[in-house]
Amino acid sequence: MLYPSIDALKSKIDSKYSLVSLAAKRARQMQEQGDERLRGYVSYKPVGKALEEVAAGILNKEKQDESTIYEDEV
């Protein structure tokens with residue numbers, strides 16, 4: 001993968017693991033719903049498109065609420 005570079009992505013998202021999770025979720029969403037947020041993409045695969053959205057600053061990681069309890073945590 002040449003574009004976007006990992007350095008550009010790491011400046012937007014603090015962790016490689018968070019970046020992978022975020023890109024995977026967004027790629028799945030693009031496959032199912034087909035909504036693209038950029039005018040043009042260099043990549044033709046959904047994961048590459050999601051990473052381009054992160055690099056452009058359109059896609060950001062949401063802050064997790066500490067008080068939220070999920071079903072698998074009970």
# chains A, B, ... in the order shown; residues from 1 in each chain; ligands from 1

call {"tool": "residues_around", "arguments": {"residues": "stretch 21-37 of chain A", "least_positions_apart": "5", "cutoff": "9 Å", "atoms": "only C-alpha atoms", "output": "PyMOL selection string"}}
result
chain A and resi 16+45-51+53-54+58-61

call {"tool": "write_last_selection", "arguments": {"atoms": "N, CA, C and O atoms", "output": "PDB file, in the first residue's frame"}}
result
ATOM      1  N   LYS A  16      -2.191   1.791  15.575  1.00  0.00           N
ATOM      2  CA  LYS A  16      -2.396   1.002  14.360  1.00  0.00           C
ATOM      3  C   LYS A  16      -3.600   0.086  14.505  1.00  0.00           C
ATOM      4  O   LYS A  16      -4.328  -0.144  13.550  1.00  0.00           O
ATOM      5  N   LYS A  45     -10.510  -0.446  -3.814  1.00  0.00           N
ATOM      6  CA  LYS A  45     -11.038  -1.375  -2.818  1.00  0.00           C
ATOM      7  C   LYS A  45     -11.568  -0.586  -1.617  1.00  0.00           C
ATOM      8  O   LYS A  45     -11.050   0.488  -1.288  1.00  0.00           O
ATOM      9  N   PRO A  46     -12.583  -1.108  -0.934  1.00  0.00           N
ATOM     10  CA  PRO A  46     -13.197  -0.383   0.181  1.00  0.00           C
ATOM     11  C   PRO A  46     -12.241  -0.065   1.334  1.00  0.00           C
ATOM     12  O   PRO A  46     -12.333   1.016   1.918  1.00  0.00           O
ATOM     13  N   VAL A  47     -11.315  -0.957   1.649  1.00  0.00           N
ATOM     14  CA  VAL A  47     -10.393  -0.674   2.753  1.00  0.00           C
ATOM     15  C   VAL A  47      -9.472   0.493   2.389  1.00  0.00           C
ATOM     16  O   VAL A  47      -9.225   1.378   3.207  1.00  0.00           O
ATOM     17  N   GLY A  48      -8.983   0.516   1.177  1.00  0.00           N
ATOM     18  CA  GLY A  48      -8.146   1.629   0.720  1.00  0.00           C
ATOM     19  C   GLY A  48      -8.912   2.938   0.726  1.00  0.00           C
ATOM     20  O   GLY A  48      -8.381   3.985   1.103  1.00  0.00           O
ATOM     21  N   LYS A  49     -10.174   2.883   0.320  1.00  0.00           N
ATOM     22  CA  LYS A  49     -11.012   4.078   0.339  1.00  0.00           C
ATOM     23  C   LYS A  49     -11.225   4.576   1.766  1.00  0.00           C
ATOM     24  O   LYS A  49     -11.188   5.775   2.035  1.00  0.00           O
ATOM     25  N   ALA A  50     -11.428   3.647   2.694  1.00  0.00           N
ATOM     26  CA  ALA A  50     -11.613   4.024   4.099  1.00  0.00           C
ATOM     27  C   ALA A  50     -10.342   4.682   4.645  1.00  0.00           C
ATOM     28  O   ALA A  50     -10.417   5.673   5.369  1.00  0.00           O
ATOM     29  N   LEU A  51      -9.191   4.148   4.286  1.00  0.00           N
ATOM     30  CA  LEU A  51      -7.933   4.743   4.740  1.00  0.00           C
ATOM     31  C   LEU A  51      -7.717   6.124   4.134  1.00  0.00           C
ATOM     32  O   LEU A  51      -7.172   7.017   4.791  1.00  0.00           O
ATOM     33  N   GLU A  53     -10.108   8.187   3.510  1.00  0.00           N
ATOM     34  CA  GLU A  53     -10.996   9.050   4.287  1.00  0.00           C
ATOM     35  C   GLU A  53     -10.354   9.427   5.616  1.00  0.00           C
ATOM     36  O   GLU A  53     -10.497  10.555   6.079  1.00  0.00           O
ATOM     37  N   VAL A  54      -9.631   8.503   6.226  1.00  0.00           N
ATOM     38  CA  VAL A  54      -8.915   8.810   7.470  1.00  0.00           C
ATOM     39  C   VAL A  54      -7.840   9.857   7.188  1.00  0.00           C
ATOM     40  O   VAL A  54      -7.706  10.835   7.924  1.00  0.00           O
ATOM     41  N   ILE A  58     -11.782  13.055   7.210  1.00  0.00           N
ATOM     42  CA  ILE A  58     -13.240  12.898   7.190  1.00  0.00           C
ATOM     43  C   ILE A  58     -13.695  11.837   8.178  1.00  0.00           C
ATOM     44  O   ILE A  58     -14.744  11.954   8.796  1.00  0.00           O
ATOM     45  N   LEU A  59     -12.885  10.811   8.346  1.00  0.00           N
ATOM     46  CA  LEU A  59     -13.230   9.685   9.209  1.00  0.00           C
ATOM     47  C   LEU A  59     -12.376   9.750  10.469  1.00  0.00           C
ATOM     48  O   LEU A  59     -11.148   9.722  10.395  1.00  0.00           O
ATOM     49  N   ASN A  60     -13.012   9.863  11.617  1.00  0.00           N
ATOM     50  CA  ASN A  60     -12.314   9.968  12.897  1.00  0.00           C
ATOM     51  C   ASN A  60     -12.805   8.908  13.865  1.00  0.00           C
ATOM     52  O   ASN A  60     -13.941   8.435  13.757  1.00  0.00           O
ATOM     53  N   LYS A  61     -11.958   8.586  14.819  1.00  0.00           N
ATOM     54  CA  LYS A  61     -12.321   7.628  15.857  1.00  0.00           C
ATOM     55  C   LYS A  61     -13.195   8.322  16.889  1.00  0.00           C
ATOM     56  O   LYS A  61     -12.892   9.429  17.322  1.00  0.00           O
TER      57      LYS A  61
END

call {"tool": "select_by_dssp", "arguments": {"residues": "chain A", "states": "alpha helix (DSSP H)", "output": "count of residues only"}}
result
36

call {"tool": "closest_residue", "arguments": {"among": "A:Tyr17, A:Gly57, A:Tyr3, A:Leu9", "to": "A:Tyr41", "atoms": "only C-alpha atoms"}}
result
A:Tyr3

call {"tool": "atom_distance", "arguments": {"atom1": "atom CA of A:Ala55", "atom2": "atom CA of A:Lys12"}}
result
6.9 Å

call {"tool": "decode", "arguments": {"residues": "stretch 32-54 of chain A", "atoms": "N, CA, C and O atoms", "output": "PDB file, in the first residue's frame"}}
result
ATOM      1  N   GLU A  32     -21.846  -2.295   2.115  1.00  0.00           N
ATOM      2  CA  GLU A  32     -23.270  -2.527   2.320  1.00  0.00           C
ATOM      3  C   GLU A  32     -24.139  -1.369   1.854  1.00  0.00           C
ATOM      4  O   GLU A  32     -25.204  -1.580   1.281  1.00  0.00           O
ATOM      5  N   GLN A  33     -23.709  -0.136   2.120  1.00  0.00           N
ATOM      6  CA  GLN A  33     -24.542   1.022   1.827  1.00  0.00           C
ATOM      7  C   GLN A  33     -24.093   1.796   0.595  1.00  0.00           C
ATOM      8  O   GLN A  33     -24.889   2.519   0.006  1.00  0.00           O
ATOM      9  N   GLY A  34     -22.829   1.685   0.249  1.00  0.00           N
ATOM     10  CA  GLY A  34     -22.321   2.356  -0.944  1.00  0.00           C
ATOM     11  C   GLY A  34     -22.161   3.856  -0.828  1.00  0.00           C
ATOM     12  O   GLY A  34     -22.042   4.538  -1.836  1.00  0.00           O
ATOM     13  N   ASP A  35     -22.158   4.386   0.373  1.00  0.00           N
ATOM     14  CA  ASP A  35     -22.003   5.834   0.516  1.00  0.00           C
ATOM     15  C   ASP A  35     -20.519   6.198   0.583  1.00  0.00           C
ATOM     16  O   ASP A  35     -19.783   5.729   1.435  1.00  0.00           O
ATOM     17  N   GLU A  36     -20.093   7.021  -0.353  1.00  0.00           N
ATOM     18  CA  GLU A  36     -18.701   7.465  -0.405  1.00  0.00           C
ATOM     19  C   GLU A  36     -18.664   8.945  -0.049  1.00  0.00           C
ATOM     20  O   GLU A  36     -19.473   9.731  -0.527  1.00  0.00           O
ATOM     21  N   ARG A  37     -17.712   9.306   0.779  1.00  0.00           N
ATOM     22  CA  ARG A  37     -17.664  10.670   1.305  1.00  0.00           C
ATOM     23  C   ARG A  37     -16.691  11.584   0.559  1.00  0.00           C
ATOM     24  O   ARG A  37     -16.769  12.788   0.704  1.00  0.00           O
ATOM     25  N   LEU A  38     -15.784  11.027  -0.202  1.00  0.00           N
ATOM     26  CA  LEU A  38     -14.844  11.828  -0.983  1.00  0.00           C
ATOM     27  C   LEU A  38     -15.314  11.889  -2.432  1.00  0.00           C
ATOM     28  O   LEU A  38     -16.010  10.999  -2.910  1.00  0.00           O
ATOM     29  N   ARG A  39     -14.892  12.927  -3.130  1.00  0.00           N
ATOM     30  CA  ARG A  39     -15.257  13.045  -4.545  1.00  0.00           C
ATOM     31  C   ARG A  39     -14.581  11.980  -5.392  1.00  0.00           C
ATOM     32  O   ARG A  39     -15.195  11.386  -6.258  1.00  0.00           O
ATOM     33  N   GLY A  40     -13.295  11.771  -5.166  1.00  0.00           N
ATOM     34  CA  GLY A  40     -12.547  10.785  -5.940  1.00  0.00           C
ATOM     35  C   GLY A  40     -11.583  10.028  -5.051  1.00  0.00           C
ATOM     36  O   GLY A  40     -11.063  10.568  -4.074  1.00  0.00           O
ATOM     37  N   TYR A  41     -11.367   8.785  -5.387  1.00  0.00           N
ATOM     38  CA  TYR A  41     -10.478   7.931  -4.616  1.00  0.00           C
ATOM     39  C   TYR A  41      -9.356   7.422  -5.513  1.00  0.00           C
ATOM     40  O   TYR A  41      -9.566   7.185  -6.701  1.00  0.00           O
ATOM     41  N   VAL A  42      -8.186   7.229  -4.931  1.00  0.00           N
ATOM     42  CA  VAL A  42      -7.074   6.605  -5.632  1.00  0.00           C
ATOM     43  C   VAL A  42      -7.277   5.092  -5.616  1.00  0.00           C
ATOM     44  O   VAL A  42      -7.070   4.424  -6.617  1.00  0.00           O
ATOM     45  N   SER A  43      -7.712   4.567  -4.482  1.00  0.00           N
ATOM     46  CA  SER A  43      -7.936   3.135  -4.316  1.00  0.00           C
ATOM     47  C   SER A  43      -9.273   2.734  -4.915  1.00  0.00           C
ATOM     48  O   SER A  43     -10.201   3.526  -4.981  1.00  0.00           O
ATOM     49  N   TYR A  44      -9.371   1.481  -5.315  1.00  0.00           N
ATOM     50  CA  TYR A  44     -10.656   0.974  -5.798  1.00  0.00           C
ATOM     51  C   TYR A  44     -11.267  -0.043  -4.848  1.00  0.00           C
ATOM     52  O   TYR A  44     -12.408  -0.429  -5.006  1.00  0.00           O
ATOM     53  N   LYS A  45     -10.510  -0.446  -3.814  1.00  0.00           N
ATOM     54  CA  LYS A  45     -11.038  -1.375  -2.818  1.00  0.00           C
ATOM     55  C   LYS A  45     -11.568  -0.586  -1.617  1.00  0.00           C
ATOM     56  O   LYS A  45     -11.050   0.488  -1.288  1.00  0.00           O
ATOM     57  N   PRO A  46     -12.583  -1.108  -0.934  1.00  0.00           N
ATOM     58  CA  PRO A  46     -13.197  -0.383   0.181  1.00  0.00           C
ATOM     59  C   PRO A  46     -12.241  -0.065   1.334  1.00  0.00           C
ATOM     60  O   PRO A  46     -12.333   1.016   1.918  1.00  0.00           O
ATOM     61  N   VAL A  47     -11.315  -0.957   1.649  1.00  0.00           N
ATOM     62  CA  VAL A  47     -10.393  -0.674   2.753  1.00  0.00           C
ATOM     63  C   VAL A  47      -9.472   0.493   2.389  1.00  0.00           C
ATOM     64  O   VAL A  47      -9.225   1.378   3.207  1.00  0.00           O
ATOM     65  N   GLY A  48      -8.983   0.516   1.177  1.00  0.00           N
ATOM     66  CA  GLY A  48      -8.146   1.629   0.720  1.00  0.00           C
ATOM     67  C   GLY A  48      -8.912   2.938   0.726  1.00  0.00           C
ATOM     68  O   GLY A  48      -8.381   3.985   1.103  1.00  0.00           O
ATOM     69  N   LYS A  49     -10.174   2.883   0.320  1.00  0.00           N
ATOM     70  CA  LYS A  49     -11.012   4.078   0.339  1.00  0.00           C
ATOM     71  C   LYS A  49     -11.225   4.576   1.766  1.00  0.00           C
ATOM     72  O   LYS A  49     -11.188   5.775   2.035  1.00  0.00           O
ATOM     73  N   ALA A  50     -11.428   3.647   2.694  1.00  0.00           N
ATOM     74  CA  ALA A  50     -11.613   4.024   4.099  1.00  0.00           C
ATOM     75  C   ALA A  50     -10.342   4.682   4.645  1.00  0.00           C
ATOM     76  O   ALA A  50     -10.417   5.673   5.369  1.00  0.00           O
ATOM     77  N   LEU A  51      -9.191   4.148   4.286  1.00  0.00           N
ATOM     78  CA  LEU A  51      -7.933   4.743   4.740  1.00  0.00           C
ATOM     79  C   LEU A  51      -7.717   6.124   4.134  1.00  0.00           C
ATOM     80  O   LEU A  51      -7.172   7.017   4.791  1.00  0.00           O
ATOM     81  N   GLU A  52      -8.159   6.325   2.907  1.00  0.00           N
ATOM     82  CA  GLU A  52      -8.074   7.647   2.298  1.00  0.00           C
ATOM     83  C   GLU A  52      -8.967   8.641   3.043  1.00  0.00           C
ATOM     84  O   GLU A  52      -8.607   9.810   3.199  1.00  0.00           O
ATOM     85  N   GLU A  53     -10.108   8.187   3.510  1.00  0.00           N
ATOM     86  CA  GLU A  53     -10.996   9.050   4.287  1.00  0.00           C
ATOM     87  C   GLU A  53     -10.354   9.427   5.616  1.00  0.00           C
ATOM     88  O   GLU A  53     -10.497  10.555   6.079  1.00  0.00           O
ATOM     89  N   VAL A  54      -9.631   8.503   6.226  1.00  0.00           N
ATOM     90  CA  VAL A  54      -8.915   8.810   7.470  1.00  0.00           C
ATOM     91  C   VAL A  54      -7.840   9.857   7.188  1.00  0.00           C
ATOM     92  O   VAL A  54      -7.706  10.835   7.924  1.00  0.00           O
TER      93      VAL A  54
END
